[in-house]
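Undergrad: My structure file final_5.pdb, PDB, C-alpha atoms, pLDDT in the B column, is below:
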ATOM      1  CA  MET C   1     -37.116   0.666 -11.870  1.00 43.00           C
ATOM      2  CA  THR C   2     -33.631   2.166 -11.940  1.00 59.00           C
ATOM      3  CA  ALA C   3     -30.510   0.441 -13.235  1.00 72.00           C
ATOM      4  CA  PHE C   4     -28.784   0.958  -9.885  1.00 78.00           C
ATOM      5  CA  ASP C   5     -29.655   1.079  -6.202  1.00 92.00           C
ATOM      6  CA  ARG C   6     -28.273   2.625  -3.031  1.00 94.00           C
ATOM      7  CA  ARG C   7     -25.607  -0.090  -2.759  1.00 96.00           C
ATOM      8  CA  ASP C   8     -24.243   1.004  -6.133  1.00 96.00           C
ATOM      9  CA  VAL C   9     -24.242   4.650  -5.041  1.00 96.00           C
ATOM     10  CA  GLY C  10     -22.483   3.707  -1.799  1.00 97.00           C
ATOM     11  CA  LEU C  11     -19.815   1.736  -3.672  1.00 97.00           C
ATOM     12  CA  LEU C  12     -19.355   4.656  -6.070  1.00 98.00           C
ATOM     13  CA  LEU C  13     -18.805   7.056  -3.164  1.00 98.00           C
ATOM     14  CA  LEU C  14     -16.386   4.659  -1.475  1.00 98.00           C
ATOM     15  CA  ARG C  15     -14.490   4.122  -4.730  1.00 98.00           C
ATOM     16  CA  LEU C  16     -14.286   7.856  -5.467  1.00 98.00           C
ATOM     17  CA  GLY C  17     -13.196   8.715  -1.930  1.00 98.00           C
ATOM     18  CA  ALA C  18     -10.625   5.972  -1.307  1.00 98.00           C
ATOM     19  CA  GLY C  19      -9.474   5.901  -4.926  1.00 98.00           C
ATOM     20  CA  GLY C  20      -9.095   9.667  -5.071  1.00 98.00           C
ATOM     21  CA  VAL C  21      -7.032   9.797  -1.877  1.00 98.00           C
ATOM     22  CA  LEU C  22      -4.820   6.940  -3.068  1.00 98.00           C
ATOM     23  CA  ALA C  23      -4.339   8.552  -6.486  1.00 98.00           C
ATOM     24  CA  ALA C  24      -3.360  11.853  -4.856  1.00 98.00           C
ATOM     25  CA  HIS C  25      -0.818  10.085  -2.620  1.00 96.00           C
ATOM     26  CA  GLY C  26       0.651   8.371  -5.652  1.00 97.00           C
ATOM     27  CA  ALA C  27       0.879  11.703  -7.496  1.00 98.00           C
ATOM     28  CA  GLN C  28       2.821  13.124  -4.543  1.00 97.00           C
ATOM     29  CA  LYS C  29       5.361  10.319  -4.886  1.00 97.00           C
ATOM     30  CA  LEU C  30       5.578  10.209  -8.674  1.00 97.00           C
ATOM     31  CA  LEU C  31       5.136  13.841  -9.680  1.00 97.00           C
ATOM     32  CA  GLY C  32       5.665  15.936  -6.573  1.00 96.00           C
ATOM     33  CA  TRP C  33       2.078  17.208  -6.765  1.00 96.00           C
ATOM     34  CA  PHE C  34       0.015  18.251  -3.720  1.00 96.00           C
ATOM     35  CA  GLY C  35       3.109  19.077  -1.668  1.00 95.00           C
ATOM     36  CA  GLY C  36       4.835  15.788  -2.414  1.00 95.00           C
ATOM     37  CA  HIS C  37       8.547  15.274  -2.954  1.00 96.00           C
ATOM     38  CA  GLY C  38       8.478  13.472  -6.300  1.00 96.00           C
ATOM     39  CA  ILE C  39      10.517  10.395  -7.133  1.00 96.00           C
ATOM     40  CA  GLU C  40      13.853  11.768  -5.885  1.00 96.00           C
ATOM     41  CA  GLY C  41      12.652  12.975  -2.480  1.00 96.00           C
ATOM     42  CA  THR C  42      10.381   9.998  -1.954  1.00 96.00           C
ATOM     43  CA  GLY C  43      13.194   7.670  -3.009  1.00 96.00           C
ATOM     44  CA  GLN C  44      15.481   9.180  -0.366  1.00 96.00           C
ATOM     45  CA  PHE C  45      12.763   8.723   2.248  1.00 96.00           C
ATOM     46  CA  MET C  46      12.116   5.145   1.154  1.00 96.00           C
ATOM     47  CA  GLU C  47      15.812   4.367   1.466  1.00 94.00           C
ATOM     48  CA  SER C  48      15.900   5.927   4.956  1.00 94.00           C
ATOM     49  CA  VAL C  49      13.100   3.645   6.195  1.00 95.00           C
ATOM     50  CA  GLY C  50      14.646   0.500   4.745  1.00 95.00           C
ATOM     51  CA  TYR C  51      13.031   0.160   1.333  1.00 96.00           C
ATOM     52  CA  ALA C  52      15.956  -0.213  -1.069  1.00 94.00           C
ATOM     53  CA  PRO C  53      16.661   0.766  -3.694  1.00 95.00           C
ATOM     54  CA  GLY C  54      14.802   3.930  -2.779  1.00 94.00           C
ATOM     55  CA  ARG C  55      13.991   5.232  -6.244  1.00 96.00           C
ATOM     56  CA  ALA C  56      12.584   1.888  -7.404  1.00 96.00           C
ATOM     57  CA  SER C  57      10.596   1.575  -4.176  1.00 96.00           C
ATOM     58  CA  ALA C  58       9.193   5.094  -4.606  1.00 97.00           C
ATOM     59  CA  THR C  59       8.216   4.316  -8.188  1.00 97.00           C
ATOM     60  CA  ALA C  60       6.518   1.032  -7.248  1.00 97.00           C
ATOM     61  CA  ALA C  61       4.620   2.602  -4.344  1.00 97.00           C
ATOM     62  CA  GLY C  62       3.640   5.624  -6.434  1.00 97.00           C
ATOM     63  CA  LEU C  63       2.368   3.489  -9.306  1.00 98.00           C
ATOM     64  CA  ALA C  64       0.442   1.178  -6.973  1.00 98.00           C
ATOM     65  CA  GLU C  65      -1.197   4.145  -5.254  1.00 98.00           C
ATOM     66  CA  ALA C  66      -1.799   6.366  -8.293  1.00 98.00           C
ATOM     67  CA  GLY C  67      -2.701   3.552 -10.650  1.00 98.00           C
ATOM     68  CA  GLY C  68      -4.657   1.494  -8.135  1.00 98.00           C
ATOM     69  CA  GLY C  69      -6.453   4.572  -6.829  1.00 98.00           C
ATOM     70  CA  THR C  70      -7.388   5.852 -10.274  1.00 98.00           C
ATOM     71  CA  LEU C  71      -8.654   2.431 -11.351  1.00 98.00           C
ATOM     72  CA  LEU C  72     -10.631   2.056  -8.113  1.00 98.00           C
ATOM     73  CA  ALA C  73     -12.241   5.463  -8.616  1.00 98.00           C
ATOM     74  CA  LEU C  74     -13.212   4.476 -12.161  1.00 98.00           C
ATOM     75  CA  GLY C  75     -14.325   1.010 -11.111  1.00 98.00           C
ATOM     76  CA  LEU C  76     -12.025  -0.610 -13.668  1.00 98.00           C
ATOM     77  CA  ALA C  77     -10.052  -3.831 -13.089  1.00 98.00           C
ATOM     78  CA  THR C  78     -11.283  -3.604  -9.512  1.00 98.00           C
ATOM     79  CA  PRO C  79      -9.651  -6.798  -8.138  1.00 98.00           C
ATOM     80  CA  ALA C  80      -6.186  -5.823  -9.413  1.00 98.00           C
ATOM     81  CA  ALA C  81      -6.653  -2.140  -8.501  1.00 98.00           C
ATOM     82  CA  GLY C  82      -7.731  -2.920  -4.952  1.00 98.00           C
ATOM     83  CA  ALA C  83      -4.955  -5.456  -4.481  1.00 98.00           C
ATOM     84  CA  ALA C  84      -2.267  -3.061  -5.744  1.00 98.00           C
ATOM     85  CA  ALA C  85      -3.460  -0.273  -3.455  1.00 98.00           C
ATOM     86  CA  ALA C  86      -3.738  -2.640  -0.498  1.00 98.00           C
ATOM     87  CA  GLY C  87      -0.183  -3.863  -1.064  1.00 98.00           C
ATOM     88  CA  ALA C  88       1.146  -0.309  -1.065  1.00 98.00           C
ATOM     89  CA  MET C  89      -0.739   0.441   2.140  1.00 98.00           C
ATOM     90  CA  ALA C  90       0.630  -2.701   3.802  1.00 97.00           C
ATOM     91  CA  GLY C  91       4.121  -1.437   3.024  1.00 97.00           C
ATOM     92  CA  ALA C  92       3.241   1.959   4.505  1.00 97.00           C
ATOM     93  CA  ALA C  93       1.703   0.345   7.593  1.00 97.00           C
ATOM     94  CA  ALA C  94       4.958  -1.551   8.190  1.00 96.00           C
ATOM     95  CA  VAL C  95       6.807   1.772   8.413  1.00 96.00           C
ATOM     96  CA  HIS C  96       4.278   3.229  10.872  1.00 96.00           C
ATOM     97  CA  ALA C  97       3.701   0.093  12.995  1.00 96.00           C
ATOM     98  CA  PRO C  98       6.412   0.878  15.593  1.00 95.00           C
ATOM     99  CA  ASN C  99       4.456   4.041  16.472  1.00 96.00           C
ATOM    100  CA  GLY C 100       1.322   2.102  17.456  1.00 95.00           C
ATOM    101  CA  PHE C 101      -2.111   2.231  15.878  1.00 95.00           C
ATOM    102  CA  PHE C 102      -3.315   5.823  16.061  1.00 96.00           C
ATOM    103  CA  ASN C 103      -2.341   8.319  13.375  1.00 92.00           C
ATOM    104  CA  GLN C 104      -1.795  11.196  15.828  1.00 92.00           C
ATOM    105  CA  GLU C 105       1.153   9.232  17.235  1.00 93.00           C
ATOM    106  CA  GLY C 106       2.465   8.429  13.748  1.00 93.00           C
ATOM    107  CA  GLY C 107       0.793   5.011  13.763  1.00 96.00           C
ATOM    108  CA  TYR C 108      -0.580   2.856  10.974  1.00 96.00           C
ATOM    109  CA  GLU C 109      -4.290   3.728  11.385  1.00 97.00           C
ATOM    110  CA  TYR C 110      -4.530   5.732   8.137  1.00 96.00           C
ATOM    111  CA  ALA C 111      -2.626   3.246   5.979  1.00 97.00           C
ATOM    112  CA  ALA C 112      -4.656   0.369   7.429  1.00 97.00           C
ATOM    113  CA  THR C 113      -7.942   2.158   6.741  1.00 97.00           C
ATOM    114  CA  LEU C 114      -7.051   2.856   3.103  1.00 98.00           C
ATOM    115  CA  GLY C 115      -5.710  -0.683   2.653  1.00 98.00           C
ATOM    116  CA  LEU C 116      -8.838  -2.267   4.100  1.00 98.00           C
ATOM    117  CA  ALA C 117     -11.091  -0.045   1.969  1.00 98.00           C
ATOM    118  CA  ALA C 118      -9.154  -1.059  -1.156  1.00 98.00           C
ATOM    119  CA  THR C 119      -9.298  -4.742  -0.183  1.00 98.00           C
ATOM    120  CA  GLY C 120     -13.017  -4.482   0.553  1.00 98.00           C
ATOM    121  CA  LEU C 121     -13.649  -2.973  -2.870  1.00 98.00           C
ATOM    122  CA  ALA C 122     -11.563  -5.686  -4.544  1.00 98.00           C
ATOM    123  CA  VAL C 123     -13.655  -8.360  -2.811  1.00 97.00           C
ATOM    124  CA  THR C 124     -17.078  -6.695  -3.108  1.00 97.00           C
ATOM    125  CA  GLY C 125     -16.692  -5.365  -6.614  1.00 96.00           C
ATOM    126  CA  PRO C 126     -17.307  -1.894  -8.005  1.00 97.00           C
ATOM    127  CA  GLY C 127     -21.083  -1.927  -8.307  1.00 96.00           C
ATOM    128  CA  ARG C 128     -23.105  -1.052 -11.384  1.00 96.00           C
ATOM    129  CA  LEU C 129     -21.919   2.560 -11.577  1.00 97.00           C
ATOM    130  CA  SER C 130     -18.509   1.531 -12.854  1.00 97.00           C
ATOM    131  CA  LEU C 131     -16.495   0.900 -15.983  1.00 97.00           C
ATOM    132  CA  ASP C 132     -16.193  -2.768 -15.025  1.00 97.00           C
ATOM    133  CA  HIS C 133     -19.976  -3.068 -15.189  1.00 96.00           C
ATOM    134  CA  ALA C 134     -20.174  -1.086 -18.442  1.00 96.00           C
ATOM    135  CA  LEU C 135     -17.589  -3.438 -20.000  1.00 97.00           C
ATOM    136  CA  GLY C 136     -19.353  -6.604 -18.878  1.00 96.00           C
ATOM    137  CA  HIS C 137     -16.920  -7.316 -16.001  1.00 96.00           C
ATOM    138  CA  VAL C 138     -14.229  -8.525 -18.390  1.00 96.00           C
ATOM    139  CA  LEU C 139     -11.569  -7.306 -15.910  1.00 96.00           C
ATOM    140  CA  ASP C 140     -13.604  -8.175 -12.815  1.00 96.00           C
ATOM    141  CA  ARG C 141     -14.099 -11.939 -12.749  1.00 96.00           C
ATOM    142  CA  GLY C 142     -14.577 -13.882  -9.534  1.00 94.00           C
ATOM    143  CA  TRP C 143     -11.324 -15.833  -9.908  1.00 97.00           C
ATOM    144  CA  MET C 144      -9.382 -12.567 -10.274  1.00 96.00           C
ATOM    145  CA  VAL C 145     -10.053 -11.551  -6.659  1.00 97.00           C
ATOM    146  CA  PRO C 146      -8.094 -14.341  -4.925  1.00 97.00           C
ATOM    147  CA  ALA C 147      -5.467 -14.315  -7.688  1.00 98.00           C
ATOM    148  CA  ALA C 148      -4.814 -10.565  -7.370  1.00 98.00           C
ATOM    149  CA  LEU C 149      -4.925 -10.511  -3.575  1.00 97.00           C
ATOM    150  CA  GLY C 150      -2.784 -13.658  -3.299  1.00 97.00           C
ATOM    151  CA  ALA C 151      -0.108 -12.405  -5.705  1.00 97.00           C
ATOM    152  CA  THR C 152      -0.031  -9.012  -4.011  1.00 97.00           C
ATOM    153  CA  ALA C 153       0.200 -10.582  -0.554  1.00 97.00           C
ATOM    154  CA  ALA C 154       3.154 -12.724  -1.660  1.00 98.00           C
ATOM    155  CA  VAL C 155       5.050  -9.805  -3.217  1.00 97.00           C
ATOM    156  CA  THR C 156       4.262  -7.510  -0.285  1.00 97.00           C
ATOM    157  CA  ALA C 157       5.468 -10.134   2.204  1.00 97.00           C
ATOM    158  CA  MET C 158       8.751 -10.451   0.299  1.00 96.00           C
ATOM    159  CA  VAL C 159       9.292  -6.678   0.077  1.00 96.00           C
ATOM    160  CA  VAL C 160       8.382  -5.959   3.714  1.00 96.00           C
ATOM    161  CA  GLY C 161      10.391  -9.001   4.842  1.00 95.00           C
ATOM    162  CA  ALA C 162      13.467  -7.760   2.962  1.00 95.00           C
ATOM    163  CA  ARG C 163      13.003  -4.333   4.542  1.00 96.00           C
ATOM    164  CA  ASN C 164      12.763  -5.856   8.011  1.00 94.00           C
ATOM    165  CA  ARG C 165      15.939  -7.897   7.447  1.00 93.00           C
ATOM    166  CA  ARG C 166      17.714  -4.769   6.192  1.00 91.00           C
ATOM    167  CA  LEU C 167      16.686  -2.857   9.315  1.00 91.00           C
ATOM    168  CA  LYS C 168      17.750  -5.680  11.651  1.00 88.00           C
ATOM    169  CA  LYS C 169      21.174  -6.092  10.039  1.00 80.00           C
ATOM    170  CA  PRO C 170      22.725  -3.061  11.828  1.00 70.00           C
ATOM    171  CA  GLU C 171      21.234  -4.330  15.108  1.00 68.00           C
ATOM    172  CA  ARG C 172      22.837  -7.761  14.564  1.00 64.00           C
ATOM    173  CA  GLU C 173      26.156  -6.176  13.607  1.00 66.00           C
ATOM    174  CA  GLU C 174      26.049  -3.942  16.694  1.00 66.00           C
ATOM    175  CA  ALA C 175      25.257  -6.912  18.928  1.00 60.00           C
ATOM    176  CA  ALA C 176      28.101  -8.932  17.378  1.00 59.00           C
ATOM    177  CA  ALA C 177      30.528  -6.030  17.866  1.00 61.00           C
ATOM    178  CA  GLY C 178      29.439  -5.761  21.499  1.00 61.00           C
ATOM    179  CA  PHE C 179      29.941  -9.494  21.966  1.00 51.00           C
ATOM    180  CA  ASP C 180      33.414  -9.318  20.367  1.00 58.00           C
ATOM    181  CA  ALA C 181      34.349  -6.399  22.626  1.00 55.00           C
ATOM    182  CA  GLN C 182      33.146  -8.307  25.689  1.00 55.00           C
ATOM    183  CA  GLU C 183      35.117 -11.385  24.597  1.00 56.00           C
ATOM    184  CA  SER C 184      38.327  -9.359  24.240  1.00 55.00           C
ATOM    185  CA  LEU C 185      37.838  -7.789  27.686  1.00 60.00           C
ATOM    186  CA  SER C 186      37.360 -11.160  29.342  1.00 57.00           C
ATOM    187  CA  GLY C 187      40.533 -12.509  27.697  1.00 57.00           C
ATOM    188  CA  GLU C 188      38.869 -15.524  26.114  1.00 53.00           C
TER
END
Using structure tokens, write down the structure that the file contains.

TA:
Amino acid sequence: MTAFDRRDVGLLLLRLGAGGVLAAHGAQKLLGWFGGHGIEGTGQFMESVGYAPGRASATAAGLAEAGGGTLLALGLATPAAGAAAAGAMAGAAAVHAPNGFFNQEGGYEYAATLGLAATGLAVTGPGRLSLDHALGHVLDRGWMVPAALGATAAVTAMVVGARNRRLKKPEREEAAAGFDAQESLSGE
């Protein structure tokens, strides 16, 4: 009898694939690798889509993706790794949501897929072909799953909510200016 089965091999492949892609995306943001723009360029982009301050947002997203992805690939601290990666992907999905679902239209399909894969791994666990298993699941306890996902959901909701308020502020100011202009024209 072997020490692992096809479920363990499947989880390993999923961890390596999703974790590797996430780690590469994080390296683009943090280091400018793989055609990325590094912290400065990514920070400018983050600022342009409402995540402020841009440099801090780029650093947080890059660390969540690179760190979460690397840990997922290794199968280490799987609940925290999956939650961190899922939080970063939720932030990315918020940027792409106005474009609809499908990636070819600039939608959130890709970010949602990576986020759901990371969440699924956090919930399911890394399998026996992992560092978590080799270390006796010290960093992969059952209570860690809801704690990591809950904390990440709360922080992500605050960050995305602040972004949404930032983006709506110019709309509110424009509407108020239009109302003021209309008031002055009507003589009231």

Undergrad: Using only C-alpha atoms, which residue out of C:Gly68, C:Gly107, C:Pro126, C:Gly115 lies closest to Gly20 in chain C?

TA: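 Selected residue with least distance to Gly20 in chain C: C:Gly68.
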
Undergrad: In Å, how far is it from CA of Ala153 in chain C to CA of Lys29 in chain C?

TA: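 Spanning CA of Ala153 in chain C to CA of Lys29 in chain C is a straight-line distance of 22.0 Å.
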
Undergrad: Show me a table, sorted first by chain and then by increasing residue number, of the residues of range 88-119 of chain C having an atom at most 12 Å from range 36-54 of chain C, each with its shortest atom pair and the distance in Å to one decimal, counting all atoms listed in the file and written as a tab-separated table.

TA:
residue	atom	partner	partner_atom	distance
C:Gly91	CA	C:Tyr51	CA	9.2
C:Ala92	CA	C:Met46	CA	10.0
C:Ala93	CA	C:Val49	CA	11.9
C:Ala94	CA	C:Val49	CA	9.9
C:Val95	CA	C:Val49	CA	6.9
C:His96	CA	C:Val49	CA	10.0
C:Pro98	CA	C:Val49	CA	11.9

Undergrad: May I have the selected residues written with C-alpha atoms, as a short mmCIF file (atom, residue, chain, number, x, y, z; two decimals), keeping the file's coordinate frame?

TA:
data_model
loop_
_atom_site.label_atom_id
_atom_site.label_comp_id
_atom_site.auth_asym_id
_atom_site.auth_seq_id
_atom_site.Cartn_x
_atom_site.Cartn_y
_atom_site.Cartn_z
CA GLY C 91 4.12 -1.44 3.02
CA ALA C 92 3.24 1.96 4.50
CA ALA C 93 1.70 0.34 7.59
CA ALA C 94 4.96 -1.55 8.19
CA VAL C 95 6.81 1.77 8.41
CA HIS C 96 4.28 3.23 10.87
CA PRO C 98 6.41 0.88 15.59
#

Undergrad: So, counting only C-alpha atoms, which residue among C:Gly136, C:Pro146, C:Gly82, C:Gly67 is closest to Gly120 in chain C?

TA: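 That would be C:Gly82, the residue with the smallest distance to Gly120 in chain C.
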
Undergrad: With distances taken over all atoms listed in the file, which residue among C:Val159, C:Ala58, C:Val145, C:Ala83 lies nearest Leu31 in chain C?

TA: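 The shortest atom-to-atom distance to Leu31 in chain C comes from C:Ala58.
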